[in-house]
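This report concerns only the one structure given below.
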Amino acid sequence: MSRATGFSGLPGAVAVSHLSVYDWESADGVCGGTPHLHLTCSEAYVVTEGRGAVQTLSPAGLDTTPLAPGALVWFTPGTIHRLVNEDGLRIVVLMQNNGLPEAGDAVLTLPPQYLTDPDTYARAVRIPDAPEPEQAAAARRRRDLAIEGFVELRTAWEAGDRRPLLDFQRSAAALVRPRVAEWRARWEAGAAEAARQTGAQLDRLAAGDATHLTEAGLHARLPAAHGRFGMCGRLNTYDIHAPDGGAPDTGDSDTGDSDGGGRGGGS
């Protein structure tokens, strides 16, 4: 019988982070984050402070959803999303499949010439290991490039042309294809393992066996990184795999293609 002692990660193997959305103005006069999509992960926002919106584009359509304290909004893989900051927007971000966002399950809406191959894309989106002003400048440059691509996709959609959006989705899938085997291993150890353990617990309960309840436990964390430059804003993230009661990991690396940086990131 499979082990049934309980999954040690967050419930359902989600990732959680605190996001302060960028207040940088872009070329179209809107302040906010970097448009992008996820390939395998749904994402949810719980708004805690401020006011803004999330602009979305998918084959289902183009939309703008207002965001205010208490709002809960979520969307599925393939949905291009752009956070708009109208007044001090702060969000708790929940990501499906903890481990996959950190491994690059996000592609920014860069213009097509930056989507030709993984190396070209990586150079365009990388946040350097450098002093904060240089990191901020790099984050803003990649945001502006993604806005340029997003505006092209949006304009085509409004003109009734779906092809650029579908081409972008195909390009995004091609960019991440070399990583899929690694992602599968992370998923097997995370979300799939959490589901397997629930199944094992149900099997034991059906057999009248409640011994897994004797191994119940509690876990606690403080943010491991503060104010990292993510895709949509500054992030406070958690290291779920750190020992309970251990000192926070102060690392703040960003792979450039995810807001996770290996530590449970979000949008």
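Identifiers for the structure tokens are assigned positionally: chains receive A, B, ... in sequence, residues are indexed from 1 per chain, and ligands are indexed from 1 in the order shown.
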Run DSSP on the backbone and give me the residues of segment 14-195 of chain A it puts in helix (DSSP H, G or I), as a PyMOL selection string.
chain A and resi 101-103+112-114+118-125+132-158+163-189+191-195
Which is closer to Ile80 of chain A than all the others in A:Ile127, A:Val47, A:Val21, A:Val151, using only C-alpha atoms?
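Comparing A:Ile127, A:Val47, A:Val21, A:Val151 against Ile80 of chain A, the winner is A:Val151.
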When you look at Gly190 of chain A with a cut-off of 9 Å (counting only C-alpha atoms), what residues show up, excluding the ones that are within fewer than 5 positions of it in the same chain? I need them as a count of residues only.
10
Between A:His81, A:Arg141, A:Arg228, A:His36, which is the closest to Phe168 of chain A once you count only C-alpha atoms?
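The answer is A:His36, which sits nearest to Phe168 of chain A.
Using only C-alpha atoms, the smallest distance between any of A:Ala220, A:Leu175, A:Met231, A:Val30 and Thr120 of chain A comes from A:Leu175.
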Compile the contact shell of Ala146 of chain A as a ChimeraX atom specification: residues with an atom at most 8 Å away, counting only C-alpha atoms, same-chain residues fewer than 3 positions apart removed.
/A:34-36,108-111,142-143,149-150
Which residues in segment 1-202 of chain A does DSSP call strand (DSSP E or B)? List them as a VMD selection string.
chain A and resid 15 to 21 25 31 to 32 36 to 37 43 to 58 61 to 67 72 to 75 80 to 95 107 to 108
Just the number, please: distance in Å from atom CA of Glu132 of chain A to atom CA of Val176 of chain A, one decimal.
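Going from atom CA of Glu132 of chain A over to atom CA of Val176 of chain A, I get 28.3 Å.
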